[in-house]
$ cat query22.cif   # mmCIF, C-alpha atoms
data_start
#
loop_
_atom_site.group_PDB
_atom_site.id
_atom_site.type_symbol
_atom_site.label_atom_id
_atom_site.label_comp_id
_atom_site.auth_asym_id
_atom_site.auth_seq_id
_atom_site.Cartn_x
_atom_site.Cartn_y
_atom_site.Cartn_z
ATOM 1 C CA MET Y 17 -14.197 7.945 -12.111
ATOM 2 C CA ALA Y 18 -12.512 7.588 -15.447
ATOM 3 C CA SER Y 19 -8.764 7.341 -15.847
ATOM 4 C CA ALA Y 20 -6.920 10.282 -17.271
ATOM 5 C CA GLU Y 21 -3.340 11.019 -18.155
ATOM 6 C CA TYR Y 22 -1.459 13.507 -16.006
ATOM 7 C CA GLU Y 23 2.007 15.016 -16.033
ATOM 8 C CA VAL Y 24 3.938 15.766 -12.853
ATOM 9 C CA VAL Y 25 4.775 19.457 -13.209
ATOM 10 C CA GLY Y 26 5.673 20.304 -9.603
ATOM 11 C CA THR Y 27 8.920 19.682 -7.781
ATOM 12 C CA GLN Y 28 7.753 16.615 -5.836
ATOM 13 C CA ALA Y 29 6.925 13.091 -6.922
ATOM 14 C CA VAL Y 30 3.204 12.361 -7.189
ATOM 15 C CA PHE Y 31 1.873 8.807 -6.700
ATOM 16 C CA GLY Y 32 5.442 7.577 -7.073
ATOM 17 C CA HIS Y 33 6.015 9.394 -10.365
ATOM 18 C CA GLU Y 34 8.953 11.765 -10.571
ATOM 19 C CA PRO Y 35 8.664 15.379 -11.794
ATOM 20 C CA GLY Y 36 8.428 15.524 -15.564
ATOM 21 C CA SER Y 37 6.955 12.060 -15.925
ATOM 22 C CA LYS Y 38 3.438 11.134 -16.960
ATOM 23 C CA PHE Y 39 1.001 8.725 -15.389
ATOM 24 C CA THR Y 40 -2.531 7.488 -15.871
ATOM 25 C CA LYS Y 41 -4.843 7.322 -12.888
ATOM 26 C CA ALA Y 42 -8.474 7.720 -11.926
ATOM 27 C CA LEU Y 43 -8.538 10.703 -9.596
ATOM 28 C CA SER Y 44 -11.599 12.066 -7.885
ATOM 29 C CA LYS Y 45 -12.669 15.513 -9.076
ATOM 30 C CA GLY Y 46 -11.691 16.978 -5.716
ATOM 31 C CA GLN Y 47 -8.231 15.465 -5.692
ATOM 32 C CA GLU Y 48 -7.573 16.446 -9.298
ATOM 33 C CA LYS Y 49 -8.658 20.004 -8.551
ATOM 34 C CA ARG Y 50 -6.396 20.206 -5.460
ATOM 35 C CA LEU Y 51 -3.332 18.766 -7.161
ATOM 36 C CA VAL Y 52 -3.759 20.966 -10.230
ATOM 37 C CA ALA Y 53 -4.283 24.026 -8.039
ATOM 38 C CA ALA Y 54 -1.155 23.140 -6.059
ATOM 39 C CA GLY Y 55 0.851 22.987 -9.254
ATOM 40 C CA ALA Y 56 1.717 19.343 -8.668
ATOM 41 C CA ILE Y 57 0.164 17.910 -11.835
ATOM 42 C CA ARG Y 58 -1.316 18.941 -15.144
ATOM 43 C CA LYS Y 59 -3.988 17.001 -16.959
ATOM 44 C CA LYS Y 60 -2.855 15.731 -20.325
ATOM 45 C CA SER Y 61 -5.840 13.781 -21.615
ATOM 46 C CA GLY Y 62 -8.758 11.534 -20.803
ATOM 47 C CA GLY Y 63 -11.375 11.450 -18.089
ATOM 48 C CA ALA Y 64 -14.933 12.570 -18.140
ATOM 49 C CA SER Y 65 -15.771 16.202 -18.524
ATOM 50 C CA SER Y 66 -19.144 17.705 -17.790
ATOM 51 C CA GLY Y 67 -20.760 20.114 -20.194
ATOM 52 C CA GLY Y 68 -17.895 19.799 -22.617
ATOM 53 C CA SER Y 69 -15.439 21.647 -20.436
ATOM 54 C CA SER Y 70 -12.600 20.729 -18.128
ATOM 55 C CA ASP Y 71 -10.907 22.532 -15.242
ATOM 56 C CA SER Y 72 -7.486 21.130 -15.979
ATOM 57 C CA GLY Y 73 -5.864 24.196 -17.503
ATOM 58 C CA THR Y 74 -3.281 26.486 -15.985
ATOM 59 C CA ALA Y 75 -3.439 30.249 -16.430
ATOM 60 C CA GLY Y 76 -1.088 31.508 -19.082
ATOM 61 C CA GLU Y 77 -0.423 28.124 -20.640
ATOM 62 C CA SER Y 78 -1.742 26.774 -23.900
ATOM 63 C CA GLU Y 79 -4.258 23.955 -23.898
ATOM 64 C CA GLU Y 80 -2.785 20.601 -24.772
ATOM 65 C CA SER Y 81 -4.467 17.720 -26.561
ATOM 66 C CA LYS Y 82 -7.518 16.378 -24.760
ATOM 67 C CA MET T 27 15.179 -7.579 11.569
ATOM 68 C CA GLY T 28 17.071 -5.800 14.302
ATOM 69 C CA LYS T 29 16.456 -2.627 16.210
ATOM 70 C CA PHE T 30 15.251 0.030 13.848
ATOM 71 C CA ILE T 31 16.821 3.428 13.309
ATOM 72 C CA LEU T 32 14.682 5.936 11.456
ATOM 73 C CA LEU T 33 16.667 7.277 8.503
ATOM 74 C CA ASP T 34 14.533 7.092 5.393
ATOM 75 C CA ALA T 35 10.881 7.453 6.407
ATOM 76 C CA ASP T 36 8.497 8.062 3.569
ATOM 77 C CA ILE T 37 5.440 10.314 3.704
ATOM 78 C CA GLU T 38 2.931 10.913 0.960
ATOM 79 C CA VAL T 39 0.195 13.516 1.416
ATOM 80 C CA ASP T 40 -2.720 13.426 -1.029
ATOM 81 C CA GLY T 41 -0.452 11.593 -3.455
ATOM 82 C CA VAL T 42 2.434 14.068 -3.163
ATOM 83 C CA ASN T 43 5.655 12.672 -1.746
ATOM 84 C CA LEU T 44 7.045 15.194 0.749
ATOM 85 C CA SER T 45 9.662 12.898 2.318
ATOM 86 C CA ASP T 46 12.621 14.988 1.190
ATOM 87 C CA HIS T 47 11.195 17.965 3.120
ATOM 88 C CA CYS T 48 10.170 16.035 6.242
ATOM 89 C CA SER T 49 12.366 15.751 9.340
ATOM 90 C CA SER T 50 10.044 14.012 11.786
ATOM 91 C CA VAL T 51 6.863 12.017 11.735
ATOM 92 C CA GLU T 52 4.655 10.476 14.387
ATOM 93 C CA ILE T 53 1.734 8.109 13.990
ATOM 94 C CA GLU T 54 -0.673 7.798 16.875
ATOM 95 C CA THR T 55 -3.696 5.585 17.249
ATOM 96 C CA THR T 56 -5.810 5.935 20.344
ATOM 97 C CA SER T 57 -9.089 4.767 21.829
ATOM 98 C CA ASP T 58 -11.121 6.608 24.411
ATOM 99 C CA GLU T 59 -11.008 5.040 27.846
ATOM 100 C CA VAL T 60 -14.567 4.582 29.054
ATOM 101 C CA ASP T 61 -15.064 3.952 32.751
ATOM 102 C CA VAL T 62 -17.758 1.327 33.308
ATOM 103 C CA THR T 63 -17.047 0.767 36.980
ATOM 104 C CA SER T 64 -20.137 -0.215 38.987
ATOM 105 C CA PHE T 65 -21.034 0.077 42.688
ATOM 106 C CA GLY T 66 -19.343 -2.592 44.732
ATOM 107 C CA ALA T 67 -16.265 -2.739 42.523
ATOM 108 C CA GLN T 68 -12.811 -3.059 44.061
ATOM 109 C CA ALA T 69 -11.015 -1.678 41.026
ATOM 110 C CA LYS T 70 -11.807 0.480 38.048
ATOM 111 C CA GLU T 71 -13.159 -1.283 35.003
ATOM 112 C CA ILE T 72 -12.139 0.335 31.745
ATOM 113 C CA ARG T 73 -13.443 -0.393 28.287
ATOM 114 C CA LEU T 74 -12.284 1.130 25.035
ATOM 115 C CA GLY T 75 -14.593 3.526 23.265
ATOM 116 C CA LEU T 76 -14.217 5.516 20.078
ATOM 117 C CA GLY T 77 -10.976 5.132 18.191
ATOM 118 C CA ASP T 78 -8.953 7.983 16.758
ATOM 119 C CA GLY T 79 -5.837 8.583 14.718
ATOM 120 C CA THR T 80 -3.365 11.382 14.146
ATOM 121 C CA ILE T 81 -0.316 11.633 11.916
ATOM 122 C CA THR T 82 1.950 14.530 12.789
ATOM 123 C CA ALA T 83 4.845 15.578 10.599
ATOM 124 C CA THR T 84 7.412 18.361 10.593
ATOM 125 C CA PHE T 85 8.321 19.783 7.199
ATOM 126 C CA PHE T 86 10.898 22.247 5.967
ATOM 127 C CA GLN T 87 8.806 24.877 4.243
ATOM 128 C CA ASP T 88 9.060 25.175 0.474
ATOM 129 C CA PHE T 89 6.922 27.473 -1.651
ATOM 130 C CA ALA T 90 7.837 25.823 -4.964
ATOM 131 C CA SER T 91 5.078 24.600 -7.237
ATOM 132 C CA GLY T 92 3.567 21.348 -5.980
ATOM 133 C CA SER T 93 5.718 21.293 -2.850
ATOM 134 C CA VAL T 94 4.981 21.701 0.869
ATOM 135 C CA ASP T 95 3.066 24.981 0.985
ATOM 136 C CA ALA T 96 1.103 24.431 -2.211
ATOM 137 C CA THR T 97 0.081 20.943 -1.119
ATOM 138 C CA LEU T 98 -0.865 21.742 2.462
ATOM 139 C CA HIS T 99 -2.538 25.064 1.690
ATOM 140 C CA ALA T 100 -4.853 23.293 -0.761
ATOM 141 C CA LEU T 101 -5.777 20.747 1.914
ATOM 142 C CA GLN T 102 -6.366 22.955 4.943
ATOM 143 C CA GLY T 103 -10.049 23.357 5.599
ATOM 144 C CA GLU T 104 -10.920 20.812 2.915
ATOM 145 C CA ASN T 105 -13.698 18.519 4.113
ATOM 146 C CA ASP T 106 -13.109 16.012 1.325
ATOM 147 C CA PRO T 107 -10.765 13.540 3.068
ATOM 148 C CA PHE T 108 -7.388 12.878 1.478
ATOM 149 C CA GLU T 109 -4.960 10.052 2.084
ATOM 150 C CA VAL T 110 -1.769 10.289 4.125
ATOM 151 C CA VAL T 111 0.581 7.311 3.799
ATOM 152 C CA VAL T 112 3.678 6.825 5.950
ATOM 153 C CA LYS T 113 6.272 4.080 5.644
ATOM 154 C CA ALA T 114 9.266 3.412 7.850
ATOM 155 C CA SER T 115 11.486 3.501 4.788
ATOM 156 C CA SER T 116 11.094 4.435 1.148
ATOM 157 C CA GLY T 117 11.359 0.854 -0.094
ATOM 158 C CA ALA T 118 8.486 -1.347 -1.150
ATOM 159 C CA ILE T 119 5.770 -2.151 1.370
ATOM 160 C CA GLY T 120 6.423 -5.462 3.091
ATOM 161 C CA VAL T 121 6.446 -7.317 6.377
ATOM 162 C CA THR T 122 9.524 -5.369 7.509
ATOM 163 C CA ASN T 123 8.332 -2.097 5.954
ATOM 164 C CA PRO T 124 4.645 -1.702 6.740
ATOM 165 C CA SER T 125 2.645 1.261 5.522
ATOM 166 C CA TYR T 126 0.282 3.235 7.719
ATOM 167 C CA SER T 127 -2.434 5.061 5.851
ATOM 168 C CA MET T 128 -5.268 7.267 6.962
ATOM 169 C CA ASP T 129 -8.024 9.225 5.283
ATOM 170 C CA ALA T 130 -7.412 12.604 6.826
ATOM 171 C CA VAL T 131 -8.336 16.228 7.139
ATOM 172 C CA LEU T 132 -6.033 19.099 8.033
ATOM 173 C CA PRO T 133 -7.807 21.354 10.533
ATOM 174 C CA SER T 134 -5.034 23.916 10.800
ATOM 175 C CA TYR T 135 -1.988 25.029 8.878
ATOM 176 C CA ARG T 136 0.653 27.604 9.740
ATOM 177 C CA PRO T 137 2.630 28.430 6.606
ATOM 178 C CA LEU T 138 5.190 30.532 8.447
ATOM 179 C CA ALA T 139 6.560 30.288 11.944
ATOM 180 C CA GLY T 140 10.130 30.932 12.904
ATOM 181 C CA SER T 141 12.854 33.383 13.741
ATOM 182 C CA VAL T 142 15.503 35.187 11.763
ATOM 183 C CA GLY T 143 18.200 32.916 10.453
ATOM 184 C CA GLU T 144 16.378 29.699 11.241
ATOM 185 C CA ALA T 145 15.142 27.102 8.816
ATOM 186 C CA SER T 146 11.444 27.628 8.246
ATOM 187 C CA THR T 147 9.738 24.522 9.536
ATOM 188 C CA ILE T 148 6.072 23.758 9.952
ATOM 189 C CA GLU T 149 4.235 21.073 11.845
ATOM 190 C CA ALA T 150 1.130 19.545 10.353
ATOM 191 C CA SER T 151 -1.293 17.350 12.280
ATOM 192 C CA PHE T 152 -3.431 15.233 10.004
ATOM 193 C CA ARG T 153 -6.577 14.087 11.795
ATOM 194 C CA ASN T 154 -8.583 10.974 11.201
ATOM 195 C CA ALA T 155 -11.595 11.414 8.912
ATOM 196 C CA SER T 156 -12.914 7.897 8.366
ATOM 197 C CA GLN T 157 -14.237 4.911 10.281
ATOM 198 C CA ASP T 158 -11.154 2.905 9.298
ATOM 199 C CA GLY T 159 -8.734 5.053 11.274
ATOM 200 C CA ILE T 160 -5.076 4.285 10.664
ATOM 201 C CA VAL T 161 -4.696 1.179 8.529
ATOM 202 C CA ARG T 162 -1.513 -0.900 8.682
ATOM 203 C CA ALA T 163 -0.612 -2.852 5.555
ATOM 204 C CA THR T 164 2.275 -5.175 4.724
ATOM 205 C CA SER T 165 1.492 -5.855 1.079
#
$ encode --input "query22.cif" --output "structure tokens"
Amino acid sequence: MASAEYEVVGTQAVFGHEPGSKFTKALSKGQEKRLVAAGAIRKKSGGASSGGSSDSGTAGESEESK
Amino acid sequence: MGKFILLDADIEVDGVNLSDHCSSVEIETTSDEVDVTSFGAQAKEIRLGLGDGTITATFFQDFASGSVDATLHALQGENDPFEVVVKASSGAIGVTNPSYSMDAVLPSYRPLAGSVGEASTIEASFRNASQDGIVRATS
């Protein structure tokens, strides 16, 4: 698992990081998918992506630098 | 350290801190009692068999992004274990503030249960999903 940068976009702290803050962590694909789906975090950059794509986006929002 | 009064327990579910929505928590470790009593015995002889662990928490429901419902709904039925970490208080882990962690699954989830005018609370029972069971750490 490669580290990636995430932003806490939900209302609760994630891994000790308050909403609005950013953190770098190596998350498993499953955990990243769950937390993104729950609206807790958004992927900012980094990490491995297969086939040149990533599932880190949120509907209706623009893609940020990756 | 004196007698402990629970005021500031800390619970993190799959990395999400839900402490400010949690009103009760219970950590239980158990082992099966296996009866190995033989003929001629004068008393039962019990040995401990398979271990188990359960962390049960009561949350005030919140449908905000990344909060109680979003977190638990994403975990219910998920067979990829996630970590639940509970501390007696929100301070740093230490000898007087141990953490109890467990790789868990959430077999059931009731997003709504309650009556008119009451706070919407839900109880979640996180069940052990690894051979380590509930792990106590002080550092």
$ atom_distance --input "query22.cif" --atom1 "atom CA of Y:Glu21" --atom2 "atom CA of Y:Lys60"
5.2 Å
$ atom_distance --input "query22.cif" --atom1 "atom CA of T:Gly77" --atom2 "atom CA of T:Ile148"
26.6 Å
$ closest_atom_pairs --input "query22.cif" --of "chain Y" --to "chain T" --cutoff "9 Å" --atoms "only C-alpha atoms" --output "Markdown table"
| residue | atom | partner | partner_atom | distance |
| --- | --- | --- | --- | --- |
| Y:Val24 | CA | T:Gly92 | CA | 8.9 |
| Y:Val25 | CA | T:Gly92 | CA | 7.6 |
| Y:Gly26 | CA | T:Gly92 | CA | 4.3 |
| Y:Thr27 | CA | T:Gly92 | CA | 5.9 |
| Y:Gln28 | CA | T:Ser93 | CA | 5.9 |
| Y:Ala29 | CA | T:Asn43 | CA | 5.3 |
| Y:Val30 | CA | T:Val42 | CA | 4.4 |
| Y:Phe31 | CA | T:Gly41 | CA | 4.9 |
| Y:Gly32 | CA | T:Asn43 | CA | 7.4 |
| Y:Gly46 | CA | T:Asp106 | CA | 7.2 |
| Y:Gln47 | CA | T:Asp40 | CA | 7.5 |
| Y:Arg50 | CA | T:Ala100 | CA | 5.8 |
| Y:Leu51 | CA | T:Thr97 | CA | 7.3 |
| Y:Val52 | CA | T:Gly92 | CA | 8.5 |
| Y:Ala53 | CA | T:Ala100 | CA | 7.3 |
| Y:Ala54 | CA | T:Ala96 | CA | 4.6 |
| Y:Gly55 | CA | T:Gly92 | CA | 4.6 |
| Y:Ala56 | CA | T:Gly92 | CA | 3.8 |
| Y:Ile57 | CA | T:Gly92 | CA | 7.6 |
$ resolve_selection --input "query22.cif" --expression "the PyMOL selection byres ((chain T and resi 133) around 7)" --output "list in words"
Gln102, Gly103, Val131, Leu132 and Ser134 of chain T
$ atom_distance --input "query22.cif" --atom1 "atom CA of T:Ala130" --atom2 "atom CA of T:Asn105"
9.0 Å
$ residues_near_point --input "query22.cif" --point "(-16.2, 13.4, -8.9)" --cutoff "10 Å" --atoms "only C-alpha atoms" --output "PyMOL selection string"
chain Y and resi 17-18+43-48+64
$ resolve_selection --input "query22.cif" --expression "the PyMOL selection byres ((chain T and resi 36) around 10)" --output "MDAnalysis selection string"
chainID T and resid 33:35 37:38 43:46 48 51 111:117 125
$ residues_around --input "query22.cif" --residues "T:Glu54" --least-positions-apart "4" --cutoff "8 Å" --atoms "only C-alpha atoms" --output "PDB file with C-alpha atoms, in the frame of the given file"
ATOM      1  CA  GLY T  79      -5.837   8.583  14.718  1.00  0.00           C
ATOM      2  CA  THR T  80      -3.365  11.382  14.146  1.00  0.00           C
ATOM      3  CA  ILE T  81      -0.316  11.633  11.916  1.00  0.00           C
TER       4      ILE T  81
END
$ axis_aligned_box --input "query22.cif" --around "stretch 36-45 of chain T" --padding-each-side "5 Å" --output "lines of an AutoDock Vina configuration file"
center_x = 3.5
center_y = 11.6
center_z = 0.1
size_x = 22.4
size_y = 17.1
size_z = 17.2
